[in-house]
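Peer 1: Here you go, one structure.
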There are 2 protein chains.
Amino acid sequence: MTDLKRRRFLKGAGTAGLAGAAAAVASPAIAQSMPDIKWRLTSSFPKSLDTLYGGGEQMAKYVNEMTDGKFQISVFAAGEIVPGLQAMDAVSAGTVEMCHTAPYYYFGKDETWAFGSCLPFGFNARGQNSWWHEGGGEKLLNEFYGKSKIYGIPAGNTGAQMGGWFNKEIKTPADLKGVKMRIGGFAGRVMEKLGLVPQQIAGGEIYQALEKGTIDAAEWVGPYDDEKLGFQKVTKYYYYPGWWEGGPQLQAFTNLDKWNELPKAYKAILQSAGQRTNDWMLSAYDNKNPPALRRLLAGGTQLRPFPPEVMAACYKASQELFAETSAKNENFKKVYESYSAYQKDQYLWWQVTELTFDAFMASQINK
Amino acid sequence: MTDLKRRRFLKGAGTAGLAGAAAAVASPAIAQSMPDIKWRLTSSFPKSLDTLYGGGEQMAKYVNEMTDGKFQISVFAAGEIVPGLQAMDAVSAGTVEMCHTAPYYYFGKDETWAFGSCLPFGFNARGQNSWWHEGGGEKLLNEFYGKSKIYGIPAGNTGAQMGGWFNKEIKTPADLKGVKMRIGGFAGRVMEKLGLVPQQIAGGEIYQALEKGTIDAAEWVGPYDDEKLGFQKVTKYYYYPGWWEGGPQLQAFTNLDKWNELPKAYKAILQSAGQRTNDWMLSAYDNKNPPALRRLLAGGTQLRPFPPEVMAACYKASQELFAETSAKNENFKKVYESYSAYQKDQYLWWQVTELTFDAFMASQINK
């Protein structure tokens with residue numbers, strides 16, 4: 001889309017929708033089942049974060065190809081229509097038909113949104129998929145989303161993220177005390193229990209805050225995206241694993257009324273396009289993170305695992321927080337019961353063959 | 001489909017294809033881009049193995065839904081049209097338009113087919129996806145498949161499999177000597193280097209061979225499928241990990257001429273349906289394996305890890321075999337260079353955050 005076309009399109013928000021509706025009466029059955037539709041999708045991400053933002057573009061591309069151009073979704077970066085963190089609200093209000101976002105961004109409204117992405121010490125990417133599709137997650141979450149007129153479809157995953165950048169080593173849980181860290185949502189609240197001071201800072205402003213010393217630490221995604229933001233230039237220690245994001249899922253949210261108006265074939269096409277986007281993003285990160293990690297290490301970044309004692313203290317704090325949240329929030333409690341039971345079963349099996357296979361491969365291939 | 005309809009359909013193989021072609025001239029543009037098509041898909045699996053066989057059915061269902069019933073794929077179980085292990089040949093010859101199969105079944109024709117599923121000590125499920133979509137695997141393999149008039153699309157994965165059932169404990173590599181084991185393809189050849197005697201036995205006949213003592217050991221898939229075949233009734237030790245199947249992928253093969261005839265939208269729909277099937281199967285196995293594992297353990301099955309010394313000996317033998325195969329087979333050599341380099345990078349990254357996250361979670365959740 002040219003800039004001129006884009007500006008016209010932005011102005012013409014009110015005309016988006018079932019463009020072919022007026023002509024439908026005179027069309028044959030096939031045209032009614034696959035009408036011409038133009039939708040707008042607002043992304044929670046800037047174009048510079050090409051893999052996160054790319055998820056929205058991939059999804060739109062798949063839908064376009066599968067419908068021979070009849071169902072067109074125009075993708076807008078964070079800030080073009082609404083700010084990135086208001087993407088869900090814009091869809092809920094019907095300002096745009098769709099958004100591509102991380103459900104846990106809306107954790108402040110209700111902690112239950114987090115289950116659409118991940119919980120601290122939650123599922124890995126495969127577990128999130130299995131719980132969503134086979135373990136009842138989809139039904140529970142879309143019931144909850146529905147109260148905000150949202151219908152959610154999985155559409156991306158980064159895989160397990162890194163634990164972030166620190167300007168000093170973290171050797172015991174006490175070392176977290178007083179650390180001012182850019183870390184949001186549930187993870188921030190867990191860290192708060194251990195004395196860390198969580199800060200909410202937008203992606204584009206983290207580098208400056210680290211450089212100026214306004215904060216002591218920051219987490220973002222993983223080697224590929226973190227390198228883009230330049231954290232390696234101002235901090236030394238790069239910690240793992242990012243226990244608060246073991247398999248964070250992005251989703252495409254559709255306004256529920258718009259979803260319900262869609263012909264069946266288009267609903268199926270959006271579901272498939274979303275699932276394909278889910279795999280595309282995971283594959284893209286798996287492809288881009290290894291060379292980025294090599295570059296960071298070559299540049300002097302020091303990799304550090306969180307010590308077992310730190311991991312255990314954070315795990316304990318997270319379980320306390322989930323119990324407290326369940327006591328206060330019925331929506332959360334209902335979904336958490338399903339999520340945590342399913343996760344126990346997943347790791348019963350995962351620890352047997354998947355984990356031992358990967359542990360052996362890592363030991364052989366990199367020795 | 002009723003049995004009567006199915007029989008008629010089986011007889012009418014020659015009529016499958018572009019059913020709407022005759023009427024196309026009089027149709028509007030939309031009908032030409034999304035014509036009525038009826039295809040047949042032959043599965044390599046029996047209906048009783050509902051998750052493997054189910055992959056073909058899911059894919060057909062997704063395509064049907066996305067095209068509003070215009071592109072119909074009828075799924076036939078192994079043996080209904082051709083035997084399970086001849087599925088690829090039937091597609092290559094144009095007898096049927098599609099099959100749903102495991103590419104490594106055709107390893108005997110050329111070892112290169114194995115890359116479409118997995119190699120011993122190969123990728124896990126995510127690595128296979130990333131290599132296929134982002135690492136050049138798709139291009140390399142479809143070039144190779146093309147020589148047999150096959151176009152391949154990923155359409156299922158079991159995740160890391162189990163190492164199989166043994167009637168005695170395996171404590172050192174020497175314990176593998178003389179063991180008659182149902183194990184095929186590349187894994188059988190690796191095991192042969194260690195003195196094991198590999199046997200090719202169809203899934204439905206393994207139980208009897210174990211019961212009669214014709215074989216001493218057998219591998220199949222994992223808890224859910226193995227329990228169905230009843231191995232726990234006649235053997236005691238259940239080994240892990242299945243190092244020869246860390247993330248075996250199933251694929252949908254389409255006859256290349258038929259693929260090239262498809263309108264662009266239908267190609268995109270098949271790609272998305274395949275990728276969604278890929279996730280569906282992985283999620284289904286991740287959902288079904290944990291309770292099956294619980295039942296097996298409750299019934300007295302003894303879980304055993306292959307000892308490190310055994311794993312190391314098998315790894316060494318596999319690397320020798322890959323070098324020997326590369327020296328003899330140019331097709332294999334070309335793909336192996338891409339595959340093995342990509343795998344090294346995958347585990348460089350995987351060992352950092354994904355592996356430590358999962359290892360920690362398994363230790364906490366099941367303690």
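Order determines the names: the first chain of the structure tokens is A, the second B, and so forth; residues in each chain are numbered 1 upward, and ligands are numbered 1 upward as they are shown.
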Using only C-alpha atoms, which protein or nucleic acid residues come within 6 Å of Phe253 of chain B? Drop anything in the same chain fewer than 2 positions from it, and give the result as a list in words.
Peer 2: Met98, Cys99, Tyr151 and Gly152 of chain B
Peer 1: Please identify which residues in segment 286-355 of chain B DSSP calls strand (DSSP E) from the backbone, and express them as a list in words.
Peer 2: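 Output for segment 286-355 of chain B, strand (DSSP E) only: Gln302, Leu303, Arg304 and Pro305 of chain B.
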Peer 1: Please identify the alpha helix (DSSP H) residues within segment 255-360 of chain A (assignment by DSSP from backbone atoms) and present them as an mmCIF file with N, CA and C atoms, in the first residue's frame.
Peer 2:
```
data_model
loop_
_atom_site.group_PDB
_atom_site.id
_atom_site.type_symbol
_atom_site.label_atom_id
_atom_site.label_comp_id
_atom_site.auth_asym_id
_atom_site.auth_seq_id
_atom_site.Cartn_x
_atom_site.Cartn_y
_atom_site.Cartn_z
ATOM 1 N N LEU A 256 -15.781 -9.325 18.251
ATOM 2 C CA LEU A 256 -16.671 -10.493 18.294
ATOM 3 C C LEU A 256 -17.855 -10.357 17.332
ATOM 4 N N ASP A 257 -18.413 -9.163 17.196
ATOM 5 C CA ASP A 257 -19.534 -8.981 16.253
ATOM 6 C C ASP A 257 -19.059 -9.199 14.825
ATOM 7 N N LYS A 258 -17.878 -8.680 14.522
ATOM 8 C CA LYS A 258 -17.313 -8.856 13.175
ATOM 9 C C LYS A 258 -17.022 -10.336 12.922
ATOM 10 N N TRP A 259 -16.506 -11.002 13.950
ATOM 11 C CA TRP A 259 -16.230 -12.441 13.833
ATOM 12 C C TRP A 259 -17.518 -13.199 13.521
ATOM 13 N N ASN A 260 -18.560 -12.897 14.272
ATOM 14 C CA ASN A 260 -19.819 -13.622 14.098
ATOM 15 C C ASN A 260 -20.464 -13.375 12.731
ATOM 16 N N GLU A 261 -20.146 -12.235 12.122
ATOM 17 C CA GLU A 261 -20.695 -11.920 10.788
ATOM 18 C C GLU A 261 -19.987 -12.675 9.666
ATOM 19 N N LYS A 264 -18.584 -18.975 7.241
ATOM 20 C CA LYS A 264 -17.842 -20.087 7.855
ATOM 21 C C LYS A 264 -16.461 -20.293 7.247
ATOM 22 N N ALA A 265 -16.390 -20.196 5.935
ATOM 23 C CA ALA A 265 -15.106 -20.445 5.265
ATOM 24 C C ALA A 265 -14.050 -19.433 5.718
ATOM 25 N N TYR A 266 -14.455 -18.195 5.901
ATOM 26 C CA TYR A 266 -13.500 -17.164 6.322
ATOM 27 C C TYR A 266 -13.066 -17.369 7.770
ATOM 28 N N LYS A 267 -13.985 -17.856 8.609
ATOM 29 C CA LYS A 267 -13.572 -18.183 9.985
ATOM 30 C C LYS A 267 -12.492 -19.266 9.952
ATOM 31 N N ALA A 268 -12.714 -20.292 9.127
ATOM 32 C CA ALA A 268 -11.740 -21.387 9.027
ATOM 33 C C ALA A 268 -10.410 -20.873 8.471
ATOM 34 N N ILE A 269 -10.494 -19.953 7.527
ATOM 35 C CA ILE A 269 -9.279 -19.399 6.921
ATOM 36 C C ILE A 269 -8.499 -18.569 7.948
ATOM 37 N N LEU A 270 -9.196 -17.791 8.762
ATOM 38 C CA LEU A 270 -8.497 -17.019 9.805
ATOM 39 C C LEU A 270 -7.845 -17.951 10.824
ATOM 40 N N GLN A 271 -8.547 -19.008 11.213
ATOM 41 C CA GLN A 271 -7.967 -19.962 12.174
ATOM 42 C C GLN A 271 -6.681 -20.563 11.613
ATOM 43 N N SER A 272 -6.739 -21.012 10.366
ATOM 44 C CA SER A 272 -5.557 -21.648 9.766
ATOM 45 C C SER A 272 -4.437 -20.640 9.559
ATOM 46 N N ALA A 273 -4.793 -19.441 9.133
ATOM 47 C CA ALA A 273 -3.773 -18.410 8.920
ATOM 48 C C ALA A 273 -3.094 -18.077 10.251
ATOM 49 N N GLY A 274 -3.879 -18.021 11.330
ATOM 50 C CA GLY A 274 -3.317 -17.738 12.649
ATOM 51 C C GLY A 274 -2.367 -18.840 13.090
ATOM 52 N N GLN A 275 -2.782 -20.083 12.913
ATOM 53 C CA GLN A 275 -1.934 -21.190 13.357
ATOM 54 C C GLN A 275 -0.652 -21.242 12.539
ATOM 55 N N ARG A 276 -0.772 -20.938 11.246
ATOM 56 C CA ARG A 276 0.427 -20.928 10.401
ATOM 57 C C ARG A 276 1.356 -19.785 10.815
ATOM 58 N N THR A 277 0.763 -18.648 11.212
ATOM 59 C CA THR A 277 1.556 -17.517 11.704
ATOM 60 C C THR A 277 2.264 -17.893 13.006
ATOM 61 N N ASN A 278 1.559 -18.650 13.839
ATOM 62 C CA ASN A 278 2.151 -19.119 15.093
ATOM 63 C C ASN A 278 3.456 -19.866 14.819
ATOM 64 N N ASP A 279 3.404 -20.785 13.864
ATOM 65 C CA ASP A 279 4.594 -21.561 13.503
ATOM 66 C C ASP A 279 5.627 -20.708 12.791
ATOM 67 N N TRP A 280 5.149 -19.816 11.936
ATOM 68 C CA TRP A 280 6.079 -18.960 11.205
ATOM 69 C C TRP A 280 6.950 -18.168 12.183
ATOM 70 N N MET A 281 6.317 -17.561 13.202
ATOM 71 C CA MET A 281 7.084 -16.716 14.115
ATOM 72 C C MET A 281 8.078 -17.534 14.938
ATOM 73 N N LEU A 282 7.633 -18.689 15.410
ATOM 74 C CA LEU A 282 8.517 -19.549 16.192
ATOM 75 C C LEU A 282 9.709 -19.990 15.335
ATOM 76 N N SER A 283 9.433 -20.368 14.094
ATOM 77 C CA SER A 283 10.512 -20.775 13.182
ATOM 78 C C SER A 283 11.433 -19.602 12.871
ATOM 79 N N ALA A 284 10.856 -18.427 12.713
ATOM 80 C CA ALA A 284 11.664 -17.248 12.399
ATOM 81 C C ALA A 284 12.597 -16.919 13.568
ATOM 82 N N TYR A 285 12.077 -16.963 14.792
ATOM 83 C CA TYR A 285 12.939 -16.705 15.957
ATOM 84 C C TYR A 285 13.991 -17.802 16.120
ATOM 85 N N ASP A 286 13.599 -19.044 15.896
ATOM 86 C CA ASP A 286 14.568 -20.137 16.011
ATOM 87 C C ASP A 286 15.667 -19.998 14.968
ATOM 88 N N ASN A 287 15.323 -19.350 13.864
ATOM 89 C CA ASN A 287 16.296 -19.129 12.799
ATOM 90 C C ASN A 287 17.198 -17.924 13.077
ATOM 91 N N LYS A 288 16.642 -16.888 13.695
ATOM 92 C CA LYS A 288 17.375 -15.630 13.866
ATOM 93 C C LYS A 288 18.133 -15.547 15.182
ATOM 94 N N ASN A 289 17.673 -16.254 16.215
ATOM 95 C CA ASN A 289 18.334 -16.128 17.520
ATOM 96 C C ASN A 289 19.748 -16.726 17.573
ATOM 97 N N PRO A 290 19.992 -17.898 16.949
ATOM 98 C CA PRO A 290 21.360 -18.443 17.068
ATOM 99 C C PRO A 290 22.463 -17.510 16.537
ATOM 100 N N PRO A 291 22.335 -16.977 15.308
ATOM 101 C CA PRO A 291 23.408 -16.070 14.869
ATOM 102 C C PRO A 291 23.497 -14.796 15.716
ATOM 103 N N ALA A 292 22.351 -14.298 16.213
ATOM 104 C CA ALA A 292 22.390 -13.098 17.069
ATOM 105 C C ALA A 292 23.127 -13.409 18.374
ATOM 106 N N LEU A 293 22.887 -14.593 18.916
ATOM 107 C CA LEU A 293 23.581 -14.995 20.145
ATOM 108 C C LEU A 293 25.092 -15.067 19.915
ATOM 109 N N ARG A 294 25.470 -15.653 18.771
ATOM 110 C CA ARG A 294 26.908 -15.705 18.424
ATOM 111 C C ARG A 294 27.521 -14.309 18.386
ATOM 112 N N ARG A 295 26.826 -13.371 17.757
ATOM 113 C CA ARG A 295 27.348 -12.003 17.647
ATOM 114 C C ARG A 295 27.482 -11.352 19.026
ATOM 115 N N LEU A 296 26.470 -11.544 19.880
ATOM 116 C CA LEU A 296 26.522 -10.951 21.222
ATOM 117 C C LEU A 296 27.712 -11.502 22.004
ATOM 118 N N LEU A 297 27.899 -12.833 21.934
ATOM 119 C CA LEU A 297 29.002 -13.456 22.679
ATOM 120 C C LEU A 297 30.347 -12.956 22.141
ATOM 121 N N ALA A 298 30.441 -12.844 20.824
ATOM 122 C CA ALA A 298 31.688 -12.360 20.224
ATOM 123 C C ALA A 298 31.977 -10.924 20.652
ATOM 124 N N PRO A 308 20.297 -21.709 40.891
ATOM 125 C CA PRO A 308 19.149 -22.525 41.330
ATOM 126 C C PRO A 308 18.398 -21.903 42.511
ATOM 127 N N GLU A 309 19.140 -21.287 43.424
ATOM 128 C CA GLU A 309 18.508 -20.684 44.600
ATOM 129 C C GLU A 309 17.611 -19.499 44.201
ATOM 130 N N VAL A 310 18.059 -18.743 43.217
ATOM 131 C CA VAL A 310 17.259 -17.615 42.716
ATOM 132 C C VAL A 310 16.015 -18.139 42.000
ATOM 133 N N MET A 311 16.215 -19.153 41.160
ATOM 134 C CA MET A 311 15.073 -19.754 40.442
ATOM 135 C C MET A 311 14.039 -20.276 41.436
ATOM 136 N N ALA A 312 14.501 -20.963 42.471
ATOM 137 C CA ALA A 312 13.576 -21.553 43.451
ATOM 138 C C ALA A 312 12.805 -20.469 44.203
ATOM 139 N N ALA A 313 13.486 -19.391 44.567
ATOM 140 C CA ALA A 313 12.820 -18.296 45.289
ATOM 141 C C ALA A 313 11.762 -17.631 44.405
ATOM 142 N N CYS A 314 12.081 -17.456 43.128
ATOM 143 C CA CYS A 314 11.118 -16.842 42.197
ATOM 144 C C CYS A 314 9.931 -17.777 41.967
ATOM 145 N N TYR A 315 10.212 -19.063 41.856
ATOM 146 C CA TYR A 315 9.133 -20.035 41.657
ATOM 147 C C TYR A 315 8.166 -19.998 42.844
ATOM 148 N N LYS A 316 8.729 -20.000 44.050
ATOM 149 C CA LYS A 316 7.911 -19.973 45.266
ATOM 150 C C LYS A 316 7.064 -18.689 45.296
ATOM 151 N N ALA A 317 7.678 -17.568 44.998
ATOM 152 C CA ALA A 317 6.949 -16.291 44.996
ATOM 153 C C ALA A 317 5.824 -16.299 43.960
ATOM 154 N N SER A 318 6.080 -16.925 42.824
ATOM 155 C CA SER A 318 5.052 -16.954 41.771
ATOM 156 C C SER A 318 3.851 -17.799 42.211
ATOM 157 N N GLN A 319 4.124 -18.924 42.873
ATOM 158 C CA GLN A 319 3.018 -19.785 43.327
ATOM 159 C C GLN A 319 2.171 -19.056 44.379
ATOM 160 N N GLU A 320 2.825 -18.290 45.252
ATOM 161 C CA GLU A 320 2.085 -17.490 46.241
ATOM 162 C C GLU A 320 1.206 -16.458 45.538
ATOM 163 N N LEU A 321 1.778 -15.822 44.531
ATOM 164 C CA LEU A 321 1.033 -14.795 43.805
ATOM 165 C C LEU A 321 -0.175 -15.383 43.071
ATOM 166 N N PHE A 322 -0.007 -16.573 42.493
ATOM 167 C CA PHE A 322 -1.147 -17.204 41.801
ATOM 168 C C PHE A 322 -2.258 -17.537 42.800
ATOM 169 N N ALA A 323 -1.881 -17.981 44.001
ATOM 170 C CA ALA A 323 -2.880 -18.295 45.036
ATOM 171 C C ALA A 323 -3.599 -17.019 45.472
ATOM 172 N N GLU A 324 -2.844 -15.947 45.665
ATOM 173 C CA GLU A 324 -3.454 -14.666 46.062
ATOM 174 C C GLU A 324 -4.394 -14.146 44.962
ATOM 175 N N THR A 325 -3.937 -14.267 43.720
ATOM 176 C CA THR A 325 -4.760 -13.770 42.599
ATOM 177 C C THR A 325 -6.030 -14.609 42.456
ATOM 178 N N SER A 326 -5.901 -15.926 42.627
ATOM 179 C CA SER A 326 -7.075 -16.810 42.550
ATOM 180 C C SER A 326 -8.097 -16.457 43.625
ATOM 181 N N ALA A 327 -7.602 -16.063 44.800
ATOM 182 C CA ALA A 327 -8.509 -15.732 45.907
ATOM 183 C C ALA A 327 -9.301 -14.454 45.627
ATOM 184 N N LYS A 328 -8.710 -13.585 44.805
ATOM 185 C CA LYS A 328 -9.351 -12.283 44.558
ATOM 186 C C LYS A 328 -10.123 -12.218 43.246
ATOM 187 N N GLU A 330 -12.184 -14.355 40.392
ATOM 188 C CA GLU A 330 -12.870 -15.601 39.998
ATOM 189 C C GLU A 330 -12.530 -16.016 38.560
ATOM 190 N N ASN A 331 -12.427 -15.019 37.664
ATOM 191 C CA ASN A 331 -12.060 -15.318 36.268
ATOM 192 C C ASN A 331 -10.714 -16.028 36.218
ATOM 193 N N PHE A 332 -9.758 -15.473 36.965
ATOM 194 C CA PHE A 332 -8.408 -16.037 36.984
ATOM 195 C C PHE A 332 -8.425 -17.450 37.564
ATOM 196 N N LYS A 333 -9.101 -17.600 38.692
ATOM 197 C CA LYS A 333 -9.148 -18.893 39.398
ATOM 198 C C LYS A 333 -9.626 -20.019 38.472
ATOM 199 N N LYS A 334 -10.695 -19.726 37.724
ATOM 200 C CA LYS A 334 -11.294 -20.739 36.856
ATOM 201 C C LYS A 334 -10.301 -21.220 35.794
ATOM 202 N N VAL A 335 -9.619 -20.281 35.166
ATOM 203 C CA VAL A 335 -8.688 -20.657 34.097
ATOM 204 C C VAL A 335 -7.422 -21.269 34.691
ATOM 205 N N TYR A 336 -6.974 -20.741 35.818
ATOM 206 C CA TYR A 336 -5.732 -21.233 36.426
ATOM 207 C C TYR A 336 -5.836 -22.709 36.809
ATOM 208 N N GLU A 337 -7.016 -23.119 37.270
ATOM 209 C CA GLU A 337 -7.193 -24.535 37.644
ATOM 210 C C GLU A 337 -6.948 -25.447 36.449
ATOM 211 N N SER A 338 -7.484 -25.056 35.286
ATOM 212 C CA SER A 338 -7.266 -25.842 34.069
ATOM 213 C C SER A 338 -5.799 -25.796 33.646
ATOM 214 N N TYR A 339 -5.252 -24.605 33.618
ATOM 215 C CA TYR A 339 -3.880 -24.358 33.145
ATOM 216 C C TYR A 339 -2.845 -25.122 33.972
ATOM 217 N N SER A 340 -2.951 -25.010 35.297
ATOM 218 C CA SER A 340 -1.904 -25.602 36.146
ATOM 219 C C SER A 340 -1.998 -27.131 36.171
ATOM 220 N N ALA A 341 -3.225 -27.671 36.132
ATOM 221 C CA ALA A 341 -3.356 -29.132 36.107
ATOM 222 C C ALA A 341 -2.794 -29.695 34.804
ATOM 223 N N TYR A 342 -3.090 -29.007 33.708
ATOM 224 C CA TYR A 342 -2.616 -29.471 32.404
ATOM 225 C C TYR A 342 -1.095 -29.402 32.343
ATOM 226 N N GLN A 343 -0.549 -28.367 32.934
ATOM 227 C CA GLN A 343 0.906 -28.195 32.909
ATOM 228 C C GLN A 343 1.625 -29.305 33.671
ATOM 229 N N LYS A 344 1.064 -29.729 34.782
ATOM 230 C CA LYS A 344 1.678 -30.833 35.545
ATOM 231 C C LYS A 344 1.769 -32.082 34.670
ATOM 232 N N ASP A 345 0.678 -32.362 33.951
ATOM 233 C CA ASP A 345 0.671 -33.530 33.065
ATOM 234 C C ASP A 345 1.685 -33.377 31.930
ATOM 235 N N GLN A 346 1.781 -32.174 31.390
ATOM 236 C CA GLN A 346 2.713 -31.944 30.287
ATOM 237 C C GLN A 346 4.144 -32.265 30.706
ATOM 238 N N TYR A 347 4.527 -31.817 31.879
ATOM 239 C CA TYR A 347 5.922 -32.040 32.298
ATOM 240 C C TYR A 347 6.179 -33.456 32.781
ATOM 241 N N LEU A 348 5.121 -34.137 33.251
ATOM 242 C CA LEU A 348 5.280 -35.569 33.561
ATOM 243 C C LEU A 348 5.826 -36.287 32.326
ATOM 244 N N TRP A 349 5.233 -35.983 31.194
ATOM 245 C CA TRP A 349 5.615 -36.634 29.937
ATOM 246 C C TRP A 349 6.868 -36.002 29.340
ATOM 247 N N TRP A 350 6.932 -34.676 29.341
ATOM 248 C CA TRP A 350 8.049 -33.952 28.710
ATOM 249 C C TRP A 350 9.387 -34.362 29.300
ATOM 250 N N GLU A 354 11.324 -36.017 25.742
ATOM 251 C CA GLU A 354 11.663 -34.761 25.046
ATOM 252 C C GLU A 354 12.883 -34.097 25.715
ATOM 253 N N LEU A 355 12.836 -34.008 27.027
ATOM 254 C CA LEU A 355 13.898 -33.322 27.768
ATOM 255 C C LEU A 355 15.222 -34.086 27.707
ATOM 256 N N THR A 356 15.164 -35.398 27.847
ATOM 257 C CA THR A 356 16.414 -36.172 27.817
ATOM 258 C C THR A 356 17.014 -36.177 26.404
ATOM 259 N N PHE A 357 16.131 -36.177 25.389
ATOM 260 C CA PHE A 357 16.631 -36.094 24.015
ATOM 261 C C PHE A 357 17.373 -34.777 23.793
ATOM 262 N N ASP A 358 16.727 -33.673 24.171
ATOM 263 C CA ASP A 358 17.344 -32.360 23.951
ATOM 264 C C ASP A 358 18.611 -32.171 24.779
ATOM 265 N N ALA A 359 18.584 -32.645 26.012
ATOM 266 C CA ALA A 359 19.761 -32.498 26.877
ATOM 267 C C ALA A 359 20.942 -33.257 26.275
ATOM 268 N N PHE A 360 20.682 -34.459 25.771
ATOM 269 C CA PHE A 360 21.764 -35.228 25.157
ATOM 270 C C PHE A 360 22.284 -34.538 23.901
#
```
Peer 1: Write out as a ChimeraX atom specification each polymer residue whose atoms come within 9 Å of Met34 of chain B, counting only C-alpha atoms; drop sequence neighbours fewer than 5 positions from it.
Peer 2: /A:67-68 /B:29,67,70-71,263,265-266
Peer 1: Output N, CA and C atoms of each residue in that selection to a file, as a compact mmCIF listing (two decimals), in the first residue's frame.
Peer 2:
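For reference, part28.txt as written:
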```txt
# COMPACT_ATOMS: atom_id res chain seq x y z
N THR A 67 -7.75 -16.57 -0.13
CA THR A 67 -9.04 -16.11 -0.64
C THR A 67 -8.90 -15.47 -2.02
N ASP A 68 -7.73 -15.64 -2.62
CA ASP A 68 -7.49 -15.05 -3.93
C ASP A 68 -7.73 -13.54 -3.90
N ALA B 29 -15.28 -15.10 -12.69
CA ALA B 29 -13.87 -15.20 -12.35
C ALA B 29 -13.64 -15.96 -11.05
N THR B 67 -12.71 -23.96 1.92
CA THR B 67 -13.19 -23.74 0.55
C THR B 67 -14.70 -23.86 0.48
N LYS B 70 -15.82 -26.77 -1.62
CA LYS B 70 -15.52 -26.85 -3.05
C LYS B 70 -14.32 -27.75 -3.35
N PHE B 71 -13.38 -27.83 -2.43
CA PHE B 71 -12.21 -28.69 -2.60
C PHE B 71 -12.36 -29.84 -1.59
N PRO B 263 -5.12 -23.94 -8.67
CA PRO B 263 -5.10 -22.48 -8.59
C PRO B 263 -4.30 -22.04 -7.36
N ALA B 265 -4.82 -20.03 -4.92
CA ALA B 265 -5.51 -20.01 -3.63
C ALA B 265 -5.55 -21.41 -3.01
N TYR B 266 -5.74 -22.41 -3.84
CA TYR B 266 -5.80 -23.78 -3.31
C TYR B 266 -4.42 -24.25 -2.85
```
Peer 1: Using only C-alpha atoms, which residue out of B:Tyr207, B:Trp165, B:Trp220, B:Phe121 lies closest to chain A?
Peer 2: B:Phe121
Peer 1: Residues within 6 Å of Tyr240 of chain A, please, as a ChimeraX atom specification. Count only C-alpha atoms; anything in the same chain fewer than 4 positions from it doesn't count.
Peer 2: /A:162-163,305 /B:353
